[in-house]
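Report on the structure given below.
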Amino acid sequence: MSLSPFRSALAASTLLAGFCAAPAFAQHERMSVIANGEKVGFVDVARTGNHVAVQYDVKNNGRGPTMVEAIELGADGLPISWALDGKATFGGDVHERFLRTATKAEWSDSMGARTATVRGTGLYIGQAASPWALGLYARALLKAPASTLTALPGGQVHLDKLGPATIGKVSYQAYAISGIDLSPDLILLDDKNALFAVLDTGGAVVREGHDADVPALADLATKLTAKRYAALQKRFAHTVDAPVRIRNVRVFDPVSGKRGEPVSVVFANGRISGIQPLDAVASPGEALIDGQGGTLMAGLHDMHAHISLESAMLYIAAGVTEVRDMGNHNAFLPDLMRRIASGEVAGPRIMPDGFLEGRSSYSARLGIVADSEAKALEAVRWYAARGYWQIKIYNSMNPAWVPAIAKEAHALGLTVTGHIPAFTNADAMIGAGYDEVTHINQLMLGWVLDPKEDTRTPLRLTAMKRTATLDLASPRVQATIDRMVAGGIAHDPTAVTLELLMLSRNGVASPSVAEYIDHLPIGLQRRRRQAIAPIASPADAAGYDGAMAKVKQTLKLLHDRGIRLLPGTDDQTGLSVHRELEIYAEAGIPIPDVLRMATLGPEQYMGRDQELGSIARGKIADFILLPGDPTKDLSELHRISMVVKDGTIYFPSEIYPAFGVKPFAAAPKMTLPATAPKLVGSGPAKDAMDEFLY
């Protein structure tokens with residue numbers, strides 16, 4: 001559906017033609033996009049008067065957006081028209097439009113066309129906008145009362161001044177922009193309020209010519225973000241220096257797959273000290289939590305995470321008390337693990353994998369990128385010496401180097417997992433020494449691709465259409481599965497990510513979040529109503545639909561053959577773990593088996609089931625409380641009312657508002673003993689940004 005104002009002189013092609021022909025005296029800005037120390041893209045901005053033309057191009061890990069934007073600013077510095085055209089990260093078409101008059105705003109994005117009456121000042125948030133837009137928003141917010149503006153299509157956007165930051169020899173002002181997504185955007189403005197950098201813990205978008213400043217910018221991002229989450233930890237982490245009795249709960253046993261009769265579970269000093277009869281007399285000085293007949297089960301796992309300071313607390317809110325990090329920035333991850341272990345910030349227990357990529361024009365800039373077999377072996381030794389659990393191999397690795405990599409890893413006590421590198425298949429990599437295969441598309445594409453096809457590109461997604469008609473009983477499929485069974489090869493499917501990539505459609509809530517999309521902040525809602533895979537025809541859409549159905553059939557087949565499935569998401573919201581598990585149940589895997597995979601199974605795989613993965617006397621106090629019965633309906637997992645990790649108590653209803661998420665369940669009633677020290681941690685949750693303590 002098109003908007004009538006855009007059929008006039010504001011058509012994008014006309015705007016772009018005018019902007020691209022800007023005279024020589026136009027103001028010009030250019031920014032570099034840096035990831036893991038390497039330049040992977042740029043933002044180019046030309047401004048003539050109130051006309052702005054933006055080119056934005058990123059290529060990292062074989063993908064990235066390629067966009068052009070045409071903006072006309074009003075006297076107030078806000079866009080009165082905005083046209084965004086190009087390709088999204090995975091190649092989908094983007095044609096976004098915005099137009100504002102004195103009393104009305106109209107826009108068209110992936111959610112369709114909408115009109116709103118403008119009362120006062122409203123700031124349109126571009127769905128596909130480049131990082132440069134953050135500077136535009138900041139300048140508008142600096143002029144706004146209380147640094148806050150009504151956002152279009154919804155909510156509010158707020159600017160917090162974080163203080164000066166010296167980069168090199170120049171002082172900049174740091175700000176946080178909140179209200180767009182789950183976490184604030186951190187930026188630096190110069191003395192003219194022009195955007196100097198967008199901060200990230202693993203890189204930055206920075207003014208061209210300042211690429212050498214990126215390590216300092218990443219360090220600043222880590223410090224600022226850690227300050228925020230340390231402040232939130234003080235508000236939301238509740239510790240009681242006394243035994244805590246959770247009365248009237250049914251404990252889920254992952255071995256039997258059943259809930260028990262009502263009992264009381266007691267924990268103290270970070271350990272479960274007893275599972276007692278419901279009528280057992282409490283000892284003096286205990287704290288009491290009323291379980292109201294709900295379900296107590298071990299904490300959930302995400303076996304395919306790329307964790308950040310932001311996602312660490314979200315994982316806790318979603319009941320995920322342990323993750324396996326499948327690749328991160330090697331300077332950042334140990335620091336995060338230290339902060340979590342010390343209690344400085346909230347987060348799950350982390351089992352780290354060492355990310356190992358080969359050098360190519362499609363390389364992912366993460367972990368260690370090796371350009372020779374010798375360098376790859378050095379990387380294995382580096383990871384082994386620092387306590388990493390596995391080596392994760394990525395797309396651009398030379399398959400010929402994998403046998404040596406696996407041999408070295410095994411000799412040093414590490415196992416090997418990963419993507420299937422380009423120009424080979426799962427059978428060959430299992431033969432070369434893989435102990436596990438990650439991503440179900442990486443497994444399945446070996447059954448439909450020609451060996452010469454290049455999966456370093458988005459083909460590793462788009463080619464999944466070919467699996468819609470795949471015969472799972474065919475010799476080629478069965479040979480791979482037989483090899484996995486014989487070798488005890490595990491599999492980390494990340495089915496929820498495949499569902500998100502293949503089944504997302506413009507204007508429709510993705511099945512990956514459809515159950516709870518109205519709980520999410522508006523920016524994330526928009527993204528989850530946007531197509532990701534390029535869909536050029538109804539046949540493409542049908543192919544992706546059929547491929548997802550085949551994914552579910554494959555999951556059931558793998559489970560029935562006894563192959564260990566490790567639930568992982570490749571996402572950072574925590575909530576996606578719940579959907580991953582629902583997909584397994586939709587595939588026909590019994591719910592008790594699914595819950596075992598989410599709790600005890602990963603700990604058995606990682607060799608820590610004597611301490612974690614189930615609720616038993618003496619085990620670490622890691623568990624979640626749900627009002628209902630997840631063995632009957634896995635959607636109950638969204639309604640977690642309490643999370644305990646290492647004996648520290650968290651209430652998701654307090655945490656979620658700090659991320660702009662509407663809570664799913666109320667906290668249980670907790671009564672402290674009169675003789676106990678006061679509870680450490682805040683009471684009711686506050687607005688997300690009311691204590692932005694940097």
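Every chain in the structure tokens has a letter given in the order shown (A, B, ...), and although residue numbers restart at 1 in each chain, ligands are simply numbered from 1 in the order shown.
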Residues near Val206 (chain A), cut-off 6 Å, only C-alpha atoms, skip fewer than 4 positions along chain, as a ChimeraX atom specification:
/A:31-32,196-197
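Proximity to Gly523 (chain A) was assessed for A:Ser183, A:Gln27, A:Asn61, A:Thr469 counting only C-alpha atoms; the smallest distance is recorded for A:Ser183.
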Per DSSP on the backbone, what are the alpha helix (DSSP H) residues of region 184-355 of chain A, as a PyMOL selection string?
chain A and resi 214-236+309-317+333-342
Quick one: residues within 12 Å of Ser512 (chain A), only C-alpha atoms, excluding same-chain residues fewer than 5 positions away - as an mmCIF file with N, CA and C atoms, in the first residue's frame?
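Below is the file that was written, result10.cif:
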data_model
loop_
_atom_site.group_PDB
_atom_site.id
_atom_site.type_symbol
_atom_site.label_atom_id
_atom_site.label_comp_id
_atom_site.auth_asym_id
_atom_site.auth_seq_id
_atom_site.Cartn_x
_atom_site.Cartn_y
_atom_site.Cartn_z
ATOM 1 N N THR A 494 19.472 -24.617 16.622
ATOM 2 C CA THR A 494 19.037 -23.211 16.509
ATOM 3 C C THR A 494 17.842 -23.078 15.566
ATOM 4 N N ALA A 495 16.838 -23.902 15.790
ATOM 5 C CA ALA A 495 15.667 -23.900 14.907
ATOM 6 C C ALA A 495 14.917 -22.583 14.957
ATOM 7 N N VAL A 496 14.938 -21.908 16.113
ATOM 8 C CA VAL A 496 14.195 -20.651 16.228
ATOM 9 C C VAL A 496 14.783 -19.592 15.300
ATOM 10 N N THR A 497 16.090 -19.623 15.099
ATOM 11 C CA THR A 497 16.699 -18.663 14.180
ATOM 12 C C THR A 497 16.307 -18.966 12.741
ATOM 13 N N LEU A 498 16.251 -20.247 12.380
ATOM 14 C CA LEU A 498 15.780 -20.605 11.038
ATOM 15 C C LEU A 498 14.334 -20.175 10.850
ATOM 16 N N GLU A 499 13.524 -20.364 11.870
ATOM 17 C CA GLU A 499 12.125 -19.941 11.782
ATOM 18 C C GLU A 499 12.034 -18.435 11.594
ATOM 19 N N LEU A 500 12.824 -17.692 12.371
ATOM 20 C CA LEU A 500 12.826 -16.237 12.242
ATOM 21 C C LEU A 500 13.262 -15.815 10.849
ATOM 22 N N LEU A 501 14.329 -16.405 10.345
ATOM 23 C CA LEU A 501 14.857 -16.018 9.043
ATOM 24 C C LEU A 501 13.925 -16.388 7.903
ATOM 25 N N MET A 502 13.301 -17.560 7.978
ATOM 26 C CA MET A 502 12.547 -18.064 6.825
ATOM 27 C C MET A 502 11.060 -17.723 6.868
ATOM 28 N N LEU A 503 10.474 -17.595 8.053
ATOM 29 C CA LEU A 503 9.022 -17.415 8.135
ATOM 30 C C LEU A 503 8.596 -15.989 8.440
ATOM 31 N N SER A 504 9.534 -15.072 8.643
ATOM 32 C CA SER A 504 9.153 -13.677 8.862
ATOM 33 C C SER A 504 8.602 -13.086 7.574
ATOM 34 N N ARG A 505 7.504 -12.336 7.725
ATOM 35 C CA ARG A 505 6.856 -11.686 6.585
ATOM 36 C C ARG A 505 6.516 -10.252 6.959
ATOM 37 N N ILE A 517 4.583 -10.870 21.216
ATOM 38 C CA ILE A 517 5.119 -9.691 20.542
ATOM 39 C C ILE A 517 4.623 -8.394 21.168
ATOM 40 N N GLN A 525 9.356 -4.885 18.018
ATOM 41 C CA GLN A 525 8.109 -5.308 17.371
ATOM 42 C C GLN A 525 8.176 -5.059 15.865
ATOM 43 N N ARG A 527 10.838 -4.905 13.919
ATOM 44 C CA ARG A 527 11.755 -5.849 13.279
ATOM 45 C C ARG A 527 11.136 -7.226 13.156
ATOM 46 N N ARG A 528 10.333 -7.596 14.124
ATOM 47 C CA ARG A 528 9.739 -8.931 14.099
ATOM 48 C C ARG A 528 8.469 -8.977 13.258
ATOM 49 N N ARG A 529 8.141 -7.881 12.610
ATOM 50 C CA ARG A 529 7.088 -7.864 11.596
ATOM 51 C C ARG A 529 7.695 -7.497 10.236
ATOM 52 N N MET A 548 10.760 -25.014 6.593
ATOM 53 C CA MET A 548 10.614 -25.041 8.053
ATOM 54 C C MET A 548 9.873 -26.299 8.489
ATOM 55 N N THR A 569 19.954 -20.857 20.418
ATOM 56 C CA THR A 569 19.129 -19.871 19.712
ATOM 57 C C THR A 569 19.883 -18.996 18.727
ATOM 58 N N ASP A 571 20.569 -16.106 19.405
ATOM 59 C CA ASP A 571 19.849 -14.861 19.648
ATOM 60 C C ASP A 571 20.262 -14.348 21.020
ATOM 61 N N THR A 573 17.837 -12.523 23.304
ATOM 62 C CA THR A 573 16.734 -12.035 24.134
ATOM 63 C C THR A 573 16.414 -12.952 25.299
ATOM 64 N N LEU A 575 14.214 -14.952 25.693
ATOM 65 C CA LEU A 575 12.875 -15.456 25.388
ATOM 66 C C LEU A 575 12.886 -16.420 24.215
ATOM 67 N N SER A 576 13.850 -16.277 23.322
ATOM 68 C CA SER A 576 13.902 -17.154 22.159
ATOM 69 C C SER A 576 14.204 -18.598 22.550
ATOM 70 N N VAL A 577 14.788 -18.815 23.736
ATOM 71 C CA VAL A 577 14.987 -20.182 24.215
ATOM 72 C C VAL A 577 13.635 -20.883 24.362
ATOM 73 N N HIS A 578 12.638 -20.157 24.860
ATOM 74 C CA HIS A 578 11.313 -20.747 25.047
ATOM 75 C C HIS A 578 10.739 -21.205 23.712
ATOM 76 N N ARG A 579 10.907 -20.370 22.688
ATOM 77 C CA ARG A 579 10.370 -20.726 21.372
ATOM 78 C C ARG A 579 11.139 -21.883 20.753
ATOM 79 N N GLU A 580 12.450 -21.945 20.968
ATOM 80 C CA GLU A 580 13.243 -23.075 20.470
ATOM 81 C C GLU A 580 12.655 -24.385 20.993
ATOM 82 N N LEU A 581 12.324 -24.398 22.260
ATOM 83 C CA LEU A 581 11.777 -25.608 22.867
ATOM 84 C C LEU A 581 10.383 -25.911 22.328
ATOM 85 N N GLU A 582 9.582 -24.881 22.099
ATOM 86 C CA GLU A 582 8.247 -25.093 21.534
ATOM 87 C C GLU A 582 8.331 -25.723 20.148
ATOM 88 N N ILE A 583 9.312 -25.314 19.357
ATOM 89 C CA ILE A 583 9.476 -25.889 18.015
ATOM 90 C C ILE A 583 9.740 -27.384 18.115
#
May I have a table of the residues of region 414-436 of chain A lying at most 6 Å from region 445-468 of chain A, giving each one's closest pair of atoms and their distance in Å to one decimal, counting only C-alpha atoms, ordered by chain and ascending residue number, as CSV?
residue,atom,partner,partner_atom,distance
A:Ala422,CA,A:Thr455,CA,5.1
A:Phe423,CA,A:Pro451,CA,5.0
A:Thr424,CA,A:Pro451,CA,5.9
A:Asn425,CA,A:Gly446,CA,4.9
List the neighbours of Lys662 (chain A) out to 9 Å using only C-alpha atoms; skip same-chain residues closer than 2 positions along the sequence, and give me the result as an MDAnalysis selection string.
chainID A and resid 518:521 653 656:657 659:660 664
Selection above as a file: all heavy atoms, as a CSV table (one decimal), in the first residue's frame:
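This went into part.csv:
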chain,number,residue,atom,x,y,z
A,518,ASP,N,3.4,-8.4,21.7
A,518,ASP,CA,2.9,-7.2,22.3
A,518,ASP,C,3.6,-6.8,23.6
A,518,ASP,O,3.4,-5.8,24.2
A,518,ASP,CB,1.4,-7.3,22.6
A,518,ASP,CG,1.0,-8.5,23.4
A,518,ASP,OD1,1.7,-9.5,23.4
A,518,ASP,OD2,0.0,-8.4,24.2
A,519,HIS,N,4.4,-7.7,24.2
A,519,HIS,CA,5.2,-7.4,25.4
A,519,HIS,C,6.5,-6.7,25.0
A,519,HIS,O,7.2,-6.2,25.9
A,519,HIS,CB,5.6,-8.7,26.1
A,519,HIS,CG,4.4,-9.4,26.8
A,519,HIS,ND1,4.3,-9.3,28.2
A,519,HIS,CD2,3.4,-10.1,26.4
A,519,HIS,CE1,3.2,-9.9,28.5
A,519,HIS,NE2,2.6,-10.4,27.5
A,520,LEU,N,6.9,-6.6,23.7
A,520,LEU,CA,8.2,-6.2,23.3
A,520,LEU,C,8.2,-4.7,23.1
A,520,LEU,O,7.2,-4.1,22.7
A,520,LEU,CB,8.7,-6.9,22.1
A,520,LEU,CG,8.8,-8.4,22.2
A,520,LEU,CD1,9.1,-9.1,20.9
A,520,LEU,CD2,9.7,-8.8,23.3
A,521,PRO,N,9.4,-4.0,23.2
A,521,PRO,CA,9.4,-2.6,22.8
A,521,PRO,C,9.2,-2.4,21.3
A,521,PRO,O,9.4,-3.3,20.5
A,521,PRO,CB,10.9,-2.2,23.2
A,521,PRO,CG,11.6,-3.5,23.2
A,521,PRO,CD,10.6,-4.5,23.7
A,653,SER,N,9.5,-9.7,36.8
A,653,SER,CA,8.6,-8.6,36.7
A,653,SER,C,9.3,-7.3,37.1
A,653,SER,O,8.8,-6.2,36.7
A,653,SER,CB,7.4,-8.8,37.6
A,653,SER,OG,7.8,-9.0,39.0
A,656,TYR,N,12.1,-6.8,33.6
A,656,TYR,CA,11.7,-6.5,32.2
A,656,TYR,C,11.4,-5.0,31.9
A,656,TYR,O,11.7,-4.6,30.8
A,656,TYR,CB,10.5,-7.4,31.9
A,656,TYR,CG,10.9,-8.8,31.4
A,656,TYR,CD1,10.3,-9.9,31.9
A,656,TYR,CD2,11.8,-8.9,30.4
A,656,TYR,CE1,10.7,-11.2,31.5
A,656,TYR,CE2,12.2,-10.2,29.9
A,656,TYR,CZ,11.6,-11.3,30.5
A,656,TYR,OH,12.0,-12.6,30.0
A,657,PRO,N,10.7,-4.3,32.8
A,657,PRO,CA,10.5,-2.9,32.5
A,657,PRO,C,11.7,-2.1,32.2
A,657,PRO,O,11.7,-1.1,31.5
A,657,PRO,CB,9.8,-2.4,33.7
A,657,PRO,CG,9.1,-3.5,34.3
A,657,PRO,CD,10.1,-4.7,34.1
A,659,PHE,N,14.0,-2.9,30.3
A,659,PHE,CA,14.3,-3.1,28.9
A,659,PHE,C,13.1,-2.8,28.0
A,659,PHE,O,13.1,-3.1,26.8
A,659,PHE,CB,14.7,-4.6,28.7
A,659,PHE,CG,15.9,-5.0,29.4
A,659,PHE,CD1,16.0,-5.4,30.7
A,659,PHE,CD2,17.1,-4.9,28.7
A,659,PHE,CE1,17.1,-5.8,31.3
A,659,PHE,CE2,18.3,-5.3,29.3
A,659,PHE,CZ,18.3,-5.7,30.6
A,660,GLY,N,12.1,-2.2,28.5
A,660,GLY,CA,10.9,-1.8,27.8
A,660,GLY,C,10.0,-3.0,27.5
A,660,GLY,O,9.2,-2.9,26.5
A,664,PHE,N,5.5,-10.7,32.2
A,664,PHE,CA,4.6,-11.8,31.9
A,664,PHE,C,3.9,-12.4,33.1
A,664,PHE,O,2.9,-13.0,33.0
A,664,PHE,CB,5.4,-13.0,31.2
A,664,PHE,CG,6.0,-12.6,29.9
A,664,PHE,CD1,7.3,-12.0,29.9
A,664,PHE,CD2,5.4,-12.8,28.7
A,664,PHE,CE1,7.9,-11.6,28.7
A,664,PHE,CE2,6.0,-12.5,27.5
A,664,PHE,CZ,7.2,-11.9,27.5
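Nearest residue to Pro399 (chain A), choosing from A:Gly628, A:Gly433, A:Gly387, A:Pro668 and counting only C-alpha atoms: A:Gly433.
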I'd like the neighbourhood of region 144-151 of chain A as a list in words, where a residue qualifies if any of its atoms comes within 10 Å (using only C-alpha atoms), though same-chain residues fewer than 6 positions away should be ignored.
Val118, Arg119, Gly120, Thr121, Gly122, Leu123, Tyr124, Ile125, Tyr137, Ala138, Val157, His158, Leu159, Asp160, Lys161, Ile177, Ser178, Gly179, Ile180 and Ile522 of chain A
